[in-house]
Every structure is written in C-alpha cells, then in structure tokens.
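Student: Next up is a structure, given as structure tokens.
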Amino acid sequence: MSVRLRVNPIACEAHGMCAELLPEWIELDDWGYPIVAGEPVPPELVEHARRAADACPTLALLLERSPAERDAAA
Amino acid sequence: MPEVTTTAEETTAGKLPRLLAGLRRGRPTTLDEHHEQLGSMPSTGSTGERSELLTEIERSGLRGRGGAGFPTAVKLRAVASGPRPRILVGNGSEGEPASRKDTLLMARAPHLVLDGATFAAELIGADEATVCVKESSKEAAASLLTAVQERADAGIEEVAVAVRVVSSDYVAGEESALVHQLNGGDAKPTFIPPRPFEAGVGQRPTLLQNVETLAHLALISRFGAAWFREVGTPDDPGSVLITVSGGVTRPGVYEIAAGTRLGDLIKAAGGPTDPLQAFLIGGYAGTWFDVEAALDVSLDHQTMRALGGTLGPGVVIALPQGACGVAETAAVAEYMAQASSGQCGPCVHGLAAIADALHDIASGHAAPGTHEWVARWADDVVGRGACHHPDGAARLVSSCLDVFGAEIDRHERRRPCVQPPGMRGLLPTPGAREPAAVS
C-alpha cells in the first residue's frame, strides 16, 4: 500500500516545519508555503513523512493511505 | 451586450437551436407556450423505468455545461446510490464575468430549466430541489419564481423547486463553495473530501448540475439519446451554449453543435468588427489562442483539453489587433486575485504577485525577464488551492506568456501600452478598478 502526502491549503499557515523535516520531498515556495510532491512517498521516507505530518502546528500536512482522490466529480 | 441567438438557418441542417428555440423577446416563455412547443415532461415512473432513463442519459453522453465537462450520468448515478434523503441543486450562479448563457436560459426559458431540475431530482430519488441564481441576475430569479408558481397553479405534480439567490462572486459557484453557502456558511470553497455527492447540503448526498445541463436533460427525457447525439462529436455530443463577446459584430449567446469550428461561430456572430489578434476561449480559467491557430479549433471538450485549454462554461472573447493582450490579462489576473476566497496561501500570494508583475510589464515599468517570474509563479500555484481557482488563473496567465511574447518583450523594454480608450478594458472585471471607458 502506498502513502502520499497532501496539504490542506486552508489550514496551512506556512510555518515551514515540514520542509525542515522532509526536504527530500517538500520544498517551500516564495512565500513559505510547501510544495509537496504528489507521487507515493518512497518506503525509506515514510517514517520521516509521518514525523513531518505530526510536527505541523496546524495539522495541515496529511499522510494518506489510499491514492488521493482525483477530480472524480469536479 | 445585445442579445442575439442563432436561428435554425445559421446552424447544422436545421437541427439547432434546441435550448434557445422559441425564446420570446424580452420576456420568459410561459408554461402554456412551453408545453405547446415541447409537450409535457414524460413521467419518470417506477424504479425500473428510472434505471432505464439513467442508462439513456449515459447513452446520450451529455457532459456538464458548468465548465469541467464531467459526464452527467456518472454524477447522477453517484448520488442516486447514496443514502436517502438526497438533494438536487441546479447551479445558475454563473460567476464567470463574460458568460451570460445561464442567466439567459433561466430568464427566458425557465420551464426548460425547471423541467430538467424536477426530472433530475426524480431520477436520483431526491425529494428536494433548489435552483441557485446569483444576486445580480434579478430577471432570472423573477422568471424562475413566476414559473414555479405557474406550475403549482397548473397542478403539475413534481418535486417542489426552491429558488435561492446566492453570491455573484467568481468562486461562489464552485461546488463546495455553493454547498457551504447553502448550508449557511460563506461562499467559500472547502477542503475536500467529502465531495458533495457524499455529504453536501445538510450533509446529504447532493447532485449539483449547471442549469444548462438541466435544460439538456429536459430535452433528452423527451427525445432520447439518439436524438441528442445527432449533433456534436462522439466524445462531446449535443449542442452547447457559447457567450461570444469582444470584437465581433453581434456579441451574444449562441447555441452551436459541440465541435463547431471557432471560425464558423465568429461568422455566425457577424464576423469581426476589427482585425483580430487572438481569442480567449473558456473564460477566465481558459486560454488565449493566436487568431490564426484559433479559427480552426473545434469547440468541444476533447479538442480543448488536447490543446491544453478548456471549453469552460462556453466563453469566447475576440481580441482586436488594436488591444493589448498583456494589459487585458493583467486586469483579469488582478480580478482573479481579488476573487480568491483568501483561504489558501499559494492562491492569495501567488495570484497577487502575478497580477502585480503583469501590471508592471503592461505599463512599461518591469525589468527585462520579469515574465520569467510570472511563468514560475503560474507553474507554482497549480494544484495548491482547496479549489481549482489558482489553477484556472495560472492557465490563463501561462497562455498569455505564450501568445503575447512579442508584446511582453516590447513592454519589458520600457514601452507601455498605447491603446486608445476604446481598446482597453475589453474583458469585464466587475467590482475591480474600473478601466477606461469602453466605446
């Protein structure tokens, strides 16, 4: 089973903790908001991803198990 | 904008118009006139018959006319399989400033929209239906309310339809924003999932359909899938309403077969008023096309997607050679930045930065290479909002950089726009800083 990281952009307040903890997978834009790779997180990074999600002060970083829902009924 | 609609002679073999057939000038079609023209709606009957009707809609291949072009039957089935009670919402909020086809349809053919709303409600087993109209479309709301009363007076037995006036803001019509508003919140998108078909209005399974989509359903219920497919493309069958504006002789709402050449639509709109340089197709979340490339483009979802664009809610704007595509895009970018619901950082900061930089470029104040920043920011914001608002704005801006490269180059060498007043502010930006008067 693959896991992906997803940001709740409404909750995110650009604290930037996630990019500190998981620079391999998360970079910050010019305003400090995370740009997260959408692909499944490689197994060796999953534990780090979990730590990054736990560390987010606004709980905006989500570790999701199933493939993220695509634009099913947009 | 003068109201113009196609006549049968102007379109394919007398098969069109469908939705706009028999519209009265300056007033809505009455219930009697509507029934005389189309007959009354067939009954949706038993559960078995409803299942057959769903299959018929699937066969019709109807795609949603609100912008995304999603297959209508898939949405119907998703809600119909959810727990009861279920809700139908007709979306007539038409936030796209250059679109007026939904407002026209509701104002002049309210019974077609209501037929579609009650039909869709019965198909999915909804006991409640609401049609949403934006605040600024007072005529449409009045027509719908009168039509609802006419149907009640005539004793038509059907799901009761409520008419709700909703925010006119650009993002207010986005599905999750509309649901949030109907639930008593402000008209702002929410973080999904859940999607409306899972937990929408009152946390109930909710089907949202654009009002033009509902009107097509009203006709498919009467004439069937094979009839519907007589015009259009295999992937995008039927007719579609397009609002044409800008440098054409007869701007207005046109009903065309999906897949019609843009050049043919422009001809139907009386041709250009001035030599043209570009077209904006798909509205403010759409894309610019160079005039030469655009005239042969087929107006259907498949073609537009393949070209990296979108048909959106059916908006075409013709840009005359005398206008500046960069200045027009800067104004729209600013409008889109202001239209952001302000909830997501990348949208708030990214769109504002893009709009500022484009204004600087258009006014001749930007350093060479500024457009490269705009390109990067436009790439960066895609997919990073709770809704698709930043994606749409970014698509428009990226296409501006592609199509108006020579213009941008000139502006970045400190040459501002020199357009006469009549060639500025061609793209409407309601509520934004007023541009110079339009002739």
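Please note that chains go A, B, ... in the order of the structure tokens, that every chain numbers its residues from 1, and that ligands are numbered from 1 in the order shown.
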At a cut-off of 7 Å, list the chain B residues touching chain A, using only C-alpha atoms, as a VMD selection string.
Tutor: chain B and resid 68 70 75 191 343 to 346 384 to 386
Student: Which residues are close to A:Pro23, i.e. within 12 Å by only C-alpha atoms, leaving aside same-chain residues fewer than 3 positions away? Reply as an NGL selection string.
Tutor: :A and (16-20 or 26-28 or 34-37 or 45 or 48-49 or 52)
Student: Give me the residues within 9 Å of stretch 132-145 of chain B as a count of residues only, counting only C-alpha atoms and dropping any in the same chain fewer than 6 places off.
Tutor: 32
Student: Can you pull out every residue from stretch 329-432 of chain B that DSSP, working from the backbone, puts in alpha helix (DSSP H), and format the result as a PyMOL selection string?
Tutor: chain B and resi 329-339+345-362+370-381+389-403+405-412
Student: Set the distance at 8 Å and use only C-alpha atoms: which residues neighbour B:Pro428 once local chain neighbours fewer than 3 positions away are removed? I'd like the list as a ChimeraX atom specification.
Tutor: /B:97-98,332,425
Student: Quick one: pull the distance between atom CA of B:Ala306 and atom CA of B:Pro237, Å, one decimal.
Tutor: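 These atoms are spaced 17.0 Å apart.
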Student: Would you please work out which residue, of B:Ala172, B:Ala339, B:Leu53, B:Met423, is nearest to B:Lys188 when using only C-alpha atoms?
Tutor: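 Ranked by minimum distance to B:Lys188, first place goes to B:Ala172.
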Student: With only C-alpha atoms as the counted atoms, please give the residues lying no more than 12 Å from B:Leu88, apart from itself and same-chain residues fewer than 4 positions off, as a PyMOL selection string.
Tutor: chain B and resi 75-76+79-80+114+116-132+159-163+179+182+196-197+200-202+204-211+214
Student: Take atom CA of B:Ala226 and atom CA of B:Leu20 and report the distance between them in Å, one decimal.
Tutor: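 Atom CA of B:Leu20 lies 19.8 Å from atom CA of B:Ala226.
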Student: Report, in Å to a single decimal, how far apart atom CA of B:Tyr170 and atom CA of B:Asp236 are.
Tutor: 25.8 Å
Student: To test your reading of the structure, identify every residue in chain A that backbone DSSP assigns to strand (DSSP E or B), and report it as a list in words.
Tutor: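 Here are the strand (DSSP E or B) residues of chain A: Arg4, Leu5, Arg6, Val7, Ile26, Glu27, Leu28, Pro34, Ile35, Val36, Leu61, Leu62, Leu63 and Glu64 of chain A.
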